[in-house]
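Coordinates as given in upload_0.csv (CSV, C-alpha atoms):
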```csv
chain,number,residue,atom,x,y,z
A,1,MET,CA,68.2,132.0,39.7
A,2,LEU,CA,70.8,131.0,37.0
A,3,VAL,CA,74.5,131.0,37.8
A,4,ASN,CA,77.0,130.3,35.0
A,5,VAL,CA,80.0,128.8,37.0
A,6,ASN,CA,82.1,128.1,33.8
A,7,ASP,CA,81.6,126.7,30.3
A,8,LYS,CA,80.8,123.2,31.8
A,9,ILE,CA,78.6,124.0,34.8
A,10,ILE,CA,75.3,125.9,35.0
A,11,LEU,CA,73.6,126.1,38.4
A,12,VAL,CA,69.8,126.6,38.7
A,13,GLY,CA,68.9,127.8,42.2
A,14,THR,CA,65.2,127.0,43.0
A,15,ALA,CA,62.6,127.3,45.6
A,16,HIS,CA,60.9,123.9,46.1
A,17,ILE,CA,57.4,125.3,45.9
A,18,SER,CA,57.7,127.9,43.1
A,19,LYS,CA,56.0,127.7,39.7
A,20,ASP,CA,58.7,130.1,38.4
A,21,SER,CA,61.4,127.6,39.5
A,22,VAL,CA,59.7,124.8,37.5
A,23,GLU,CA,59.6,126.9,34.4
A,24,GLU,CA,63.2,128.1,35.0
A,25,VAL,CA,64.4,124.5,35.2
A,26,ARG,CA,62.7,123.6,32.0
A,27,GLY,CA,64.1,126.6,30.2
A,28,ALA,CA,67.6,126.1,31.4
A,29,ILE,CA,67.8,122.5,30.2
A,30,GLU,CA,66.2,123.4,26.9
A,31,ASN,CA,68.4,126.4,26.3
A,32,TYR,CA,71.8,125.1,27.5
A,33,LYS,CA,71.4,121.6,26.1
A,34,PRO,CA,73.5,119.8,28.8
A,35,ASP,CA,74.8,116.3,28.7
A,36,ILE,CA,74.0,115.7,32.3
A,37,VAL,CA,71.2,117.0,34.6
A,38,ALA,CA,72.3,117.0,38.2
A,39,VAL,CA,69.6,117.2,40.9
A,40,GLU,CA,69.9,117.9,44.6
A,41,LEU,CA,68.6,114.4,45.6
A,42,CYS,CA,70.1,111.3,47.1
A,43,LYS,CA,69.1,107.8,46.0
A,44,ARG,CA,66.5,107.4,48.8
A,45,ARG,CA,64.8,110.7,48.1
A,46,TYR,CA,64.9,110.1,44.4
A,47,ASP,CA,63.1,106.8,44.9
A,48,SER,CA,60.5,108.3,47.1
A,49,ILE,CA,59.7,110.9,44.4
A,50,THR,CA,59.9,108.6,41.3
A,51,LYS,CA,58.2,105.7,43.0
A,52,LYS,CA,55.7,107.6,45.1
A,53,ASP,CA,53.0,105.0,45.3
A,54,GLN,CA,55.5,102.3,46.2
A,55,TRP,CA,57.0,104.5,48.9
A,56,GLU,CA,53.7,105.5,50.5
A,57,ASN,CA,52.5,101.9,50.6
A,58,THR,CA,55.7,100.6,52.1
A,59,PRO,CA,55.1,99.1,55.6
A,60,VAL,CA,56.8,101.2,58.4
A,61,THR,CA,58.2,97.9,59.7
A,62,ALA,CA,60.1,97.3,56.5
A,63,LEU,CA,61.9,100.6,56.8
A,64,ILE,CA,62.8,100.0,60.4
A,65,LYS,CA,64.2,96.5,59.6
A,66,SER,CA,66.2,98.0,56.7
A,67,ASN,CA,67.7,100.7,59.0
A,68,ASN,CA,65.7,103.5,57.3
A,69,ALA,CA,63.9,104.9,60.3
A,70,PHE,CA,65.9,108.2,60.1
A,71,PHE,CA,64.9,108.6,56.4
A,72,MET,CA,61.2,108.0,57.2
A,73,LEU,CA,61.3,110.7,59.9
A,74,ALA,CA,63.2,113.1,57.7
A,75,GLN,CA,60.7,112.6,54.8
A,76,THR,CA,57.8,113.1,57.1
A,77,PHE,CA,59.3,116.2,58.5
A,78,LEU,CA,60.0,117.7,55.1
A,79,ALA,CA,56.7,116.6,53.6
A,80,SER,CA,54.7,118.1,56.5
A,81,ILE,CA,56.2,121.6,56.0
A,82,GLN,CA,56.4,121.5,52.2
A,83,ARG,CA,52.9,120.2,51.9
A,84,ARG,CA,51.5,123.1,53.8
A,85,LEU,CA,53.5,125.5,51.7
A,86,GLY,CA,52.5,123.7,48.5
A,87,GLU,CA,48.8,124.1,49.5
A,88,GLU,CA,49.4,127.8,50.2
A,89,TYR,CA,51.1,128.5,46.8
A,90,GLY,CA,49.5,125.8,44.6
A,91,VAL,CA,52.7,123.9,43.8
A,92,LYS,CA,53.5,120.4,44.9
A,93,PRO,CA,56.8,120.1,46.8
A,94,GLY,CA,59.7,118.9,44.7
A,95,SER,CA,58.0,119.9,41.4
A,96,GLU,CA,61.2,121.5,40.1
A,97,MET,CA,63.1,118.3,40.7
A,98,ILE,CA,60.4,116.3,38.9
A,99,ALA,CA,60.5,118.8,36.0
A,100,ALA,CA,64.3,118.4,35.7
A,101,MET,CA,64.0,114.6,35.5
A,102,GLN,CA,61.2,114.8,33.0
A,103,GLU,CA,63.2,117.2,30.8
A,104,ALA,CA,66.2,114.8,31.1
A,105,GLU,CA,64.1,111.9,29.9
A,106,LYS,CA,62.6,114.0,27.1
A,107,TYR,CA,66.1,114.8,25.7
A,108,HIS,CA,67.6,111.5,26.6
A,109,LEU,CA,70.0,113.0,29.1
A,110,THR,CA,71.8,111.4,32.1
A,111,VAL,CA,70.4,112.2,35.5
A,112,ALA,CA,73.0,112.5,38.3
A,113,LEU,CA,72.1,112.4,42.0
A,114,VAL,CA,74.5,114.8,43.8
A,115,ASP,CA,73.2,115.1,47.3
A,116,ARG,CA,74.5,113.2,50.3
A,117,ASP,CA,72.3,110.4,51.6
A,118,ILE,CA,69.9,112.2,54.0
A,119,THR,CA,70.2,109.4,56.5
A,120,VAL,CA,74.0,110.0,56.7
A,121,THR,CA,73.5,113.7,57.1
A,122,LEU,CA,71.0,113.3,60.0
A,123,LYS,CA,73.0,110.5,61.7
A,124,ARG,CA,76.1,112.7,61.6
A,125,ALA,CA,74.1,115.6,63.0
A,126,TRP,CA,72.5,113.5,65.7
A,127,ARG,CA,75.9,112.1,66.9
A,128,MET,CA,77.3,115.6,67.3
A,129,MET,CA,74.4,117.0,69.3
A,130,GLY,CA,74.3,117.3,73.1
A,131,ILE,CA,71.4,116.0,75.2
A,132,ARG,CA,69.7,119.5,75.4
A,133,GLU,CA,70.0,120.0,71.7
A,134,LYS,CA,68.4,116.6,71.0
A,135,PHE,CA,65.4,117.4,73.2
A,136,ARG,CA,65.0,120.7,71.5
A,137,VAL,CA,65.1,119.0,68.1
A,138,LEU,CA,62.6,116.3,69.1
A,139,TRP,CA,60.2,119.0,70.3
A,140,GLU,CA,60.5,121.0,67.0
A,141,PHE,CA,60.1,117.8,65.1
A,142,LEU,CA,56.8,117.0,66.9
A,143,LYS,CA,55.6,120.6,66.2
A,144,ALA,CA,56.4,120.1,62.5
A,145,ILE,CA,54.6,116.8,62.3
A,146,ILE,CA,51.5,118.1,64.0
A,147,GLY,CA,51.6,121.3,62.1
A,148,TYR,CA,52.9,124.9,62.3
A,149,ASP,CA,50.6,127.8,63.3
A,150,ASP,CA,48.9,129.6,60.5
A,151,GLU,CA,50.7,132.8,61.6
A,152,GLU,CA,54.1,131.1,61.0
A,153,LEU,CA,53.0,130.0,57.5
A,154,GLU,CA,51.9,133.5,56.6
A,155,GLU,CA,55.3,134.9,57.6
A,156,LEU,CA,57.0,132.8,54.9
A,157,ASP,CA,57.6,134.9,51.8
A,158,LEU,CA,58.0,133.1,48.5
A,159,LYS,CA,60.5,135.8,47.3
A,160,GLU,CA,62.6,135.1,50.4
A,161,LEU,CA,62.4,131.4,49.7
A,162,MET,CA,63.9,132.1,46.3
A,163,LYS,CA,66.9,133.5,48.1
A,164,GLN,CA,67.0,130.4,50.3
A,165,ASP,CA,64.9,127.4,49.5
A,166,VAL,CA,62.6,125.7,52.0
A,167,ILE,CA,65.0,122.8,52.8
A,168,SER,CA,67.9,125.2,53.3
A,169,GLN,CA,65.7,127.4,55.4
A,170,MET,CA,64.7,124.4,57.6
A,171,MET,CA,68.4,123.5,57.9
A,172,ASP,CA,69.1,127.1,59.1
A,173,GLU,CA,66.4,126.8,61.7
A,174,PHE,CA,67.7,123.4,62.7
A,175,SER,CA,71.2,125.0,63.2
A,176,LYS,CA,69.7,127.6,65.5
A,177,ILE,CA,68.1,124.8,67.6
A,178,ALA,CA,71.3,122.8,67.5
A,179,PRO,CA,74.3,125.1,66.7
A,180,SER,CA,76.8,122.3,67.0
A,181,VAL,CA,75.6,120.7,63.8
A,182,ALA,CA,75.4,123.7,61.5
A,183,LYS,CA,78.6,122.5,59.8
A,184,VAL,CA,77.0,119.1,59.1
A,185,LEU,CA,73.7,120.4,57.8
A,186,ILE,CA,74.9,123.3,55.6
A,187,SER,CA,78.6,123.6,54.8
A,188,GLU,CA,79.3,119.9,54.5
A,189,ARG,CA,76.4,119.5,52.1
A,190,ASP,CA,77.6,122.5,50.0
A,191,GLN,CA,81.1,120.8,49.8
A,192,TYR,CA,79.6,117.4,49.0
A,193,ILE,CA,77.2,118.6,46.3
A,194,ALA,CA,79.9,120.8,44.7
A,195,GLN,CA,82.4,117.9,44.5
A,196,LYS,CA,79.7,115.6,42.9
A,197,ILE,CA,78.9,118.3,40.4
A,198,TYR,CA,82.6,118.8,39.6
A,199,GLU,CA,83.0,115.0,39.0
A,200,GLU,CA,80.0,115.0,36.7
A,201,SER,CA,81.4,117.9,34.7
A,202,LYS,CA,84.4,115.8,33.7
A,203,LYS,CA,81.9,113.7,31.7
A,204,GLY,CA,80.2,116.6,29.9
A,205,LYS,CA,78.2,119.8,30.3
A,206,VAL,CA,76.1,119.9,33.5
A,207,VAL,CA,73.0,121.8,34.5
A,208,ALA,CA,72.7,121.4,38.2
A,209,VAL,CA,69.3,121.9,39.9
A,210,VAL,CA,69.8,122.8,43.6
A,211,GLY,CA,68.1,124.7,46.3
A,212,ALA,CA,68.7,128.5,46.1
A,213,GLY,CA,70.2,128.5,49.5
A,214,HIS,CA,73.1,126.3,48.3
A,215,ILE,CA,74.1,128.4,45.3
A,216,ASP,CA,76.7,130.7,47.0
A,217,GLY,CA,78.4,127.9,48.9
A,218,ILE,CA,78.5,125.5,45.9
A,219,LYS,CA,79.7,128.3,43.5
A,220,LYS,CA,82.5,129.3,45.9
A,221,HIS,CA,83.8,125.7,46.1
A,222,LEU,CA,83.6,125.1,42.4
A,223,GLU,CA,85.5,128.3,41.7
A,224,ASN,CA,88.3,127.3,44.1
A,225,GLN,CA,91.0,125.9,41.9
A,226,GLN,CA,92.4,123.7,44.8
A,227,PHE,CA,89.0,122.4,45.8
A,228,ASN,CA,89.0,118.7,46.4
A,229,VAL,CA,86.7,116.9,48.8
A,230,ASN,CA,87.1,113.4,50.2
A,231,LEU,CA,83.5,112.2,49.8
A,232,GLN,CA,84.1,109.1,51.9
A,233,GLU,CA,85.1,111.2,54.9
A,234,LEU,CA,81.8,113.1,54.6
A,235,GLU,CA,79.9,109.8,54.4
A,236,GLN,CA,81.3,108.3,57.6
A,237,ILE,CA,79.1,108.2,60.8
A,238,PRO,CA,81.0,109.5,63.9
A,239,LYS,CA,81.4,107.0,66.7
A,240,LYS,CA,79.1,107.5,69.7
A,241,SER,CA,80.4,109.7,72.4
A,242,PHE,CA,79.7,109.3,76.1
A,243,ASN,CA,76.0,109.3,76.7
A,244,LEU,CA,74.8,110.5,80.1
A,245,VAL,CA,71.3,109.0,79.6
A,246,LYS,CA,72.7,105.6,78.7
A,247,ALA,CA,75.0,105.8,81.7
A,248,VAL,CA,72.0,106.4,84.0
A,249,GLU,CA,70.2,103.5,82.4
A,250,ILE,CA,73.1,101.3,83.1
A,251,MET,CA,73.3,102.4,86.7
A,252,ILE,CA,69.6,101.5,87.4
A,253,PRO,CA,70.1,97.7,87.2
A,254,VAL,CA,73.5,98.0,88.9
A,255,ILE,CA,71.8,99.8,91.9
A,256,PHE,CA,68.9,97.3,91.8
A,257,PHE,CA,71.1,94.2,92.0
A,258,GLY,CA,73.3,96.0,94.5
A,259,VAL,CA,70.3,96.4,96.8
A,260,ILE,CA,69.5,92.7,96.3
A,261,THR,CA,73.0,91.7,97.3
A,262,TRP,CA,72.9,94.0,100.3
A,263,ILE,CA,69.7,92.3,101.5
A,264,ILE,CA,71.2,88.9,101.1
A,265,TYR,CA,74.2,89.7,103.2
A,266,SER,CA,72.5,91.8,105.8
A,267,THR,CA,69.4,89.7,106.4
A,268,GLY,CA,71.1,86.4,107.2
A,269,MET,CA,70.2,82.9,106.1
A,270,ASN,CA,66.7,83.4,104.7
A,271,PRO,CA,66.4,86.7,102.8
A,272,TRP,CA,64.3,85.2,99.9
A,273,ASN,CA,60.9,86.3,101.1
A,274,LYS,CA,62.1,90.0,101.0
A,275,ILE,CA,63.7,89.4,97.6
A,276,LYS,CA,60.5,87.9,96.3
A,277,ASP,CA,58.5,90.9,97.5
A,278,ILE,CA,60.9,93.3,95.8
A,279,PHE,CA,60.7,91.4,92.5
A,280,LEU,CA,56.9,91.3,92.7
A,281,VAL,CA,56.6,95.0,93.3
A,282,TRP,CA,59.2,95.7,90.5
A,283,PHE,CA,57.3,93.4,88.1
A,284,LEU,CA,53.9,94.8,88.8
A,285,VAL,CA,54.9,98.5,88.8
A,286,HIS,CA,56.8,98.3,85.5
A,287,GLY,CA,54.3,96.0,83.9
A,288,ILE,CA,51.2,97.9,84.9
A,289,LEU,CA,52.6,101.3,83.9
A,290,SER,CA,53.9,100.1,80.6
A,291,GLY,CA,50.7,98.2,79.8
A,292,ALA,CA,48.6,101.3,80.8
A,293,GLY,CA,50.7,103.4,78.4
A,294,VAL,CA,49.9,101.1,75.5
A,295,ALA,CA,46.2,101.0,76.5
A,296,ILE,CA,46.0,104.8,76.5
A,297,ALA,CA,47.5,104.8,73.0
A,298,ARG,CA,44.7,102.4,72.1
A,299,GLY,CA,47.0,99.5,71.4
A,300,HIS,CA,45.9,96.0,70.6
A,301,PRO,CA,45.4,93.7,73.7
A,302,LEU,CA,48.4,91.6,72.6
A,303,SER,CA,50.5,94.7,72.5
A,304,ILE,CA,49.4,95.7,76.0
A,305,LEU,CA,50.2,92.2,77.2
A,306,THR,CA,53.6,92.4,75.5
A,307,ALA,CA,54.4,95.7,77.2
A,308,PHE,CA,53.3,94.3,80.6
A,309,VAL,CA,55.6,91.2,80.3
A,310,ALA,CA,58.6,93.0,78.7
A,311,ALA,CA,58.8,96.1,80.9
A,312,PRO,CA,60.1,94.4,84.1
A,313,PHE,CA,62.9,92.7,82.2
A,314,THR,CA,63.9,95.6,79.9
A,315,SER,CA,64.1,97.9,82.9
A,316,LEU,CA,66.9,95.8,84.2
A,317,GLU,CA,69.2,96.4,81.2
A,318,PRO,CA,70.0,99.5,79.2
A,319,PHE,CA,69.9,98.2,75.6
A,320,PHE,CA,66.2,97.4,75.0
A,321,ALA,CA,62.9,99.2,75.7
A,322,PRO,CA,59.5,97.7,76.3
A,323,GLY,CA,58.0,100.0,73.7
A,324,TRP,CA,60.2,98.4,71.0
A,325,PHE,CA,58.5,95.0,71.7
A,326,ALA,CA,55.0,96.4,72.1
A,327,GLY,CA,55.5,98.5,68.9
A,328,LEU,CA,56.7,95.5,66.9
A,329,VAL,CA,53.7,93.4,68.0
A,330,GLU,CA,51.3,96.3,67.2
A,331,ALA,CA,53.0,96.8,63.8
A,332,LYS,CA,52.7,93.1,63.0
A,333,LEU,CA,49.0,93.1,63.9
A,334,ARG,CA,48.1,96.4,62.3
A,335,LYS,CA,50.8,97.0,59.7
A,336,PRO,CA,51.0,100.8,59.3
A,337,LEU,CA,52.1,102.2,55.9
A,338,ILE,CA,54.2,105.3,55.2
A,339,LYS,CA,51.2,107.1,54.0
A,340,ASP,CA,49.5,106.4,57.4
A,341,PHE,CA,52.5,108.0,59.2
A,342,GLN,CA,52.4,111.0,56.9
A,343,GLU,CA,48.7,111.6,57.9
A,344,LEU,CA,50.1,112.8,61.2
A,345,SER,CA,50.7,116.2,59.6
A,346,LYS,CA,47.0,116.6,59.0
A,347,ILE,CA,46.1,116.3,62.7
A,348,GLU,CA,44.2,119.3,64.0
A,349,ASN,CA,43.1,118.4,67.5
A,350,VAL,CA,43.9,116.1,70.5
A,351,ARG,CA,41.2,113.6,69.5
A,352,GLY,CA,42.8,113.3,66.0
A,353,PHE,CA,46.1,112.6,67.6
```

Take the structure I supplied and represent it as structure tokens, if you would.
Amino acid sequence: MLVNVNDKIILVGTAHISKDSVEEVRGAIENYKPDIVAVELCKRRYDSITKKDQWENTPVTALIKSNNAFFMLAQTFLASIQRRLGEEYGVKPGSEMIAAMQEAEKYHLTVALVDRDITVTLKRAWRMMGIREKFRVLWEFLKAIIGYDDEELEELDLKELMKQDVISQMMDEFSKIAPSVAKVLISERDQYIAQKIYEESKKGKVVAVVGAGHIDGIKKHLENQQFNVNLQELEQIPKKSFNLVKAVEIMIPVIFFGVITWIIYSTGMNPWNKIKDIFLVWFLVHGILSGAGVAIARGHPLSILTAFVAAPFTSLEPFFAPGWFAGLVEAKLRKPLIKDFQELSKIENVRGF
């Protein structure tokens, strides 16, 4: 789908798993001879495509330490669905973006990354969601990781994807699950991409390769003579709002220590035997249940021990979880790579999980 916005900007709307889109991208760059090839990628996604081996062999712990956990989850989510579609239609996901970058290199053209950082998009969306929406999103995410039903895959029509590419279609589905974030996932990205393309057009003629689902929104903004977006505002992460779950977590230790205080004042001079019994039960219940959870997940013995020791203490405060410590120990002992995480999408039964 080619759209001539003006004499400086050509939009190429693509489906991310279409052979026709790959050829259309190559043809547009060859025929229009732009100075700049703009692609609907952010720096993180660009690196994951152009440095695929390096990305897949990156330890998961390295991403967590560098605050890239959201990106890892997003990439896994997208890769899971696009891989299945790619297998169905014989085209690797993102082939049209790779083709655009190859053509740019062939003709010595500048490549411009015009999409907002996917981590920023997801963080903005997450902050705006309510508790119910977050649970629904997590459930849909788990379904996507493990795999969609074959019937759902068969319902996807490539011609329909040409009207709305697979990422935009997923964003639409996401908006149905969490209506409060539709603006963040769709309209904000249209504004952001349009502004970036406009800024690049000041430097020369631009061929912009974007998902077909963004074409109408981007075109509308570019044709608006008064269009001017503050990109910094769209890149800010909203402050956390009141969190009921966190409030409950804070109340648990408050109630616990309240009970201890009540025992001290109501029992008299020597309440320590009762307090010791309470702490012993608290320690054993939390430690055994957490350790059992790690054991069921077939964790390393040291990870099980870590969960057992950490759980009684982390339960008394709302800021840490025993799974964090057990997970870090497990990751240290058996460093998982990104490609290991992506293998989740190939699970076909409970044993595999």

> Restricting the calculation to only C-alpha atoms, which member of A:Asp53, A:Glu317, A:Asp20, A:Glu140 is positioned closest to Phe257 (chain A)?
Replying inline: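 Of the candidates, the smallest distance to Phe257 (chain A) is held by A:Glu317.
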
> Which distance in Å separates CA of Gln191 (chain A) and CA of Ala125 (chain A), to one decimal?
Replying inline: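 The value is 15.8 Å.
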
> So, counting all atoms listed in the file, which residue among A:Val3, A:Trp55, A:Arg44, A:Gly293 is closest to Lys339 (chain A)?
Replying inline: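 Ranked by minimum distance to Lys339 (chain A), first place goes to A:Trp55.
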
>> Report as a list of chain:residue names all protein, DNA and RNA residues lying within 6 Å of region 98-110 of chain A, evaluated on all atoms listed in the file, omitting residues in the same chain fewer than 3 positions from it.
In response: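 The neighbour list is A:Asp35, A:Ile36, A:Ser95.
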
>> Using all atoms listed in the file for the distances, tell me which of A:Ile131, A:Val114, A:Val207, A:Leu185 is nearest to Gly27 (chain A).
In response: A:Val207

Non-local contacts of Phe308 (chain A) (8 Å; only C-alpha atoms; under 6 positions in same chain excluded) as a PDB file with C-alpha atoms, in the frame of the given file:
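Below is the file that was written, out_32.pdb:
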```pdb
ATOM      1  CA  HIS A 286      56.800  98.300  85.500  1.00  0.00           C
ATOM      2  CA  GLY A 287      54.300  96.000  83.900  1.00  0.00           C
ATOM      3  CA  ILE A 288      51.200  97.900  84.900  1.00  0.00           C
ATOM      4  CA  LEU A 289      52.600 101.300  83.900  1.00  0.00           C
ATOM      5  CA  SER A 290      53.900 100.100  80.600  1.00  0.00           C
ATOM      6  CA  GLY A 291      50.700  98.200  79.800  1.00  0.00           C
TER       7      GLY A 291
END
```

>> Measuring between all atoms listed in the file, which one of A:Glu24, A:Asn4, A:Asn273, A:Ala178 shows the shortest distance to Phe135 (chain A)?
In response: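 Answer, going by the shortest atom-to-atom distance: A:Ala178.
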
>> Report, in Å with one decimal, the straight-line distance from CA of Thr306 (chain A) to CA of Phe325 (chain A).
In response: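 Computing it gives 6.7 Å between the two atoms.
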
>> So that I can see what lies close to Glu330 (chain A), please list as an MDAnalysis selection string the residues with an atom at most 7 Å from it, counting all atoms listed in the file and leaving out residues fewer than 5 positions away in the same chain.
In response: chainID A and resid 299:300 303

> From the list A:Val229, A:Val137, A:Ala212, A:Leu316, which residue is nearest Ile177 (chain A) when using only C-alpha atoms?
Replying inline: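 Answer, going by the shortest atom-to-atom distance: A:Val137.
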
> Could you work out how far CA of Arg124 (chain A) lies from CA of Gly327 (chain A), giving the answer in Å with one decimal?
Replying inline: 26.1 Å

Generate the coordinates of N, CA and C atoms for region 196-223 of chain A; report them as a PDB file, in the coordinates of the input.
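Wrote it out as out_36.pdb, contents follow:
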```pdb
ATOM      1  N   LYS A 196      80.446 116.524  43.844  1.00  0.00           N
ATOM      2  CA  LYS A 196      79.700 115.600  42.900  1.00  0.00           C
ATOM      3  C   LYS A 196      79.456 116.284  41.593  1.00  0.00           C
ATOM      4  N   ILE A 197      79.097 117.565  41.622  1.00  0.00           N
ATOM      5  CA  ILE A 197      78.900 118.300  40.400  1.00  0.00           C
ATOM      6  C   ILE A 197      80.160 118.386  39.568  1.00  0.00           C
ATOM      7  N   TYR A 198      81.256 118.693  40.267  1.00  0.00           N
ATOM      8  CA  TYR A 198      82.600 118.800  39.600  1.00  0.00           C
ATOM      9  C   TYR A 198      82.925 117.465  38.931  1.00  0.00           C
ATOM     10  N   GLU A 199      82.705 116.353  39.619  1.00  0.00           N
ATOM     11  CA  GLU A 199      83.000 115.000  39.000  1.00  0.00           C
ATOM     12  C   GLU A 199      82.157 114.753  37.812  1.00  0.00           C
ATOM     13  N   GLU A 200      80.881 115.170  37.856  1.00  0.00           N
ATOM     14  CA  GLU A 200      80.000 115.000  36.700  1.00  0.00           C
ATOM     15  C   GLU A 200      80.443 115.831  35.524  1.00  0.00           C
ATOM     16  N   SER A 201      80.988 117.023  35.823  1.00  0.00           N
ATOM     17  CA  SER A 201      81.400 117.900  34.700  1.00  0.00           C
ATOM     18  C   SER A 201      82.560 117.394  33.934  1.00  0.00           C
ATOM     19  N   LYS A 202      83.285 116.416  34.487  1.00  0.00           N
ATOM     20  CA  LYS A 202      84.400 115.800  33.700  1.00  0.00           C
ATOM     21  C   LYS A 202      83.819 114.914  32.597  1.00  0.00           C
ATOM     22  N   LYS A 203      82.529 114.545  32.719  1.00  0.00           N
ATOM     23  CA  LYS A 203      81.900 113.700  31.700  1.00  0.00           C
ATOM     24  C   LYS A 203      81.185 114.471  30.637  1.00  0.00           C
ATOM     25  N   GLY A 204      80.889 115.753  30.913  1.00  0.00           N
ATOM     26  CA  GLY A 204      80.200 116.600  29.900  1.00  0.00           C
ATOM     27  C   GLY A 204      79.584 117.809  30.587  1.00  0.00           C
ATOM     28  N   LYS A 205      78.816 118.554  29.823  1.00  0.00           N
ATOM     29  CA  LYS A 205      78.200 119.800  30.300  1.00  0.00           C
ATOM     30  C   LYS A 205      77.087 119.477  31.285  1.00  0.00           C
ATOM     31  N   VAL A 206      77.051 120.209  32.403  1.00  0.00           N
ATOM     32  CA  VAL A 206      76.100 119.900  33.500  1.00  0.00           C
ATOM     33  C   VAL A 206      75.199 121.107  33.767  1.00  0.00           C
ATOM     34  N   VAL A 207      73.898 120.836  33.843  1.00  0.00           N
ATOM     35  CA  VAL A 207      73.000 121.800  34.500  1.00  0.00           C
ATOM     36  C   VAL A 207      72.567 121.164  35.787  1.00  0.00           C
ATOM     37  N   ALA A 208      72.901 121.870  36.880  1.00  0.00           N
ATOM     38  CA  ALA A 208      72.700 121.400  38.200  1.00  0.00           C
ATOM     39  C   ALA A 208      71.495 122.099  38.858  1.00  0.00           C
ATOM     40  N   VAL A 209      70.457 121.368  39.262  1.00  0.00           N
ATOM     41  CA  VAL A 209      69.300 121.900  39.900  1.00  0.00           C
ATOM     42  C   VAL A 209      69.410 121.751  41.407  1.00  0.00           C
ATOM     43  N   VAL A 210      69.622 122.868  42.106  1.00  0.00           N
ATOM     44  CA  VAL A 210      69.800 122.800  43.600  1.00  0.00           C
ATOM     45  C   VAL A 210      69.008 123.880  44.240  1.00  0.00           C
ATOM     46  N   GLY A 211      68.826 123.722  45.548  1.00  0.00           N
ATOM     47  CA  GLY A 211      68.100 124.700  46.300  1.00  0.00           C
ATOM     48  C   GLY A 211      68.849 126.057  46.267  1.00  0.00           C
ATOM     49  N   ALA A 212      68.099 127.138  46.178  1.00  0.00           N
ATOM     50  CA  ALA A 212      68.700 128.500  46.100  1.00  0.00           C
ATOM     51  C   ALA A 212      69.647 128.781  47.203  1.00  0.00           C
ATOM     52  N   GLY A 213      69.375 128.240  48.371  1.00  0.00           N
ATOM     53  CA  GLY A 213      70.200 128.500  49.500  1.00  0.00           C
ATOM     54  C   GLY A 213      71.609 127.908  49.424  1.00  0.00           C
ATOM     55  N   HIS A 214      71.803 126.961  48.502  1.00  0.00           N
ATOM     56  CA  HIS A 214      73.100 126.300  48.300  1.00  0.00           C
ATOM     57  C   HIS A 214      73.965 127.007  47.257  1.00  0.00           C
ATOM     58  N   ILE A 215      73.377 127.871  46.482  1.00  0.00           N
ATOM     59  CA  ILE A 215      74.100 128.400  45.300  1.00  0.00           C
ATOM     60  C   ILE A 215      75.404 129.066  45.681  1.00  0.00           C
ATOM     61  N   ASP A 216      75.417 129.985  46.639  1.00  0.00           N
ATOM     62  CA  ASP A 216      76.700 130.700  47.000  1.00  0.00           C
ATOM     63  C   ASP A 216      77.742 129.755  47.451  1.00  0.00           C
ATOM     64  N   GLY A 217      77.374 128.807  48.333  1.00  0.00           N
ATOM     65  CA  GLY A 217      78.400 127.900  48.900  1.00  0.00           C
ATOM     66  C   GLY A 217      78.930 126.968  47.768  1.00  0.00           C
ATOM     67  N   ILE A 218      78.057 126.421  46.930  1.00  0.00           N
ATOM     68  CA  ILE A 218      78.500 125.500  45.900  1.00  0.00           C
ATOM     69  C   ILE A 218      79.381 126.280  44.864  1.00  0.00           C
ATOM     70  N   LYS A 219      78.965 127.478  44.489  1.00  0.00           N
ATOM     71  CA  LYS A 219      79.700 128.300  43.500  1.00  0.00           C
ATOM     72  C   LYS A 219      81.115 128.610  44.053  1.00  0.00           C
ATOM     73  N   LYS A 220      81.191 128.969  45.331  1.00  0.00           N
ATOM     74  CA  LYS A 220      82.500 129.300  45.900  1.00  0.00           C
ATOM     75  C   LYS A 220      83.436 128.111  45.866  1.00  0.00           C
ATOM     76  N   HIS A 221      82.916 126.910  46.184  1.00  0.00           N
ATOM     77  CA  HIS A 221      83.800 125.700  46.100  1.00  0.00           C
ATOM     78  C   HIS A 221      84.192 125.380  44.715  1.00  0.00           C
ATOM     79  N   LEU A 222      83.281 125.488  43.767  1.00  0.00           N
ATOM     80  CA  LEU A 222      83.600 125.100  42.400  1.00  0.00           C
ATOM     81  C   LEU A 222      84.606 126.094  41.753  1.00  0.00           C
ATOM     82  N   GLU A 223      84.597 127.330  42.218  1.00  0.00           N
ATOM     83  CA  GLU A 223      85.500 128.300  41.700  1.00  0.00           C
ATOM     84  C   GLU A 223      86.909 128.253  42.332  1.00  0.00           C
TER      85      GLU A 223
END
```
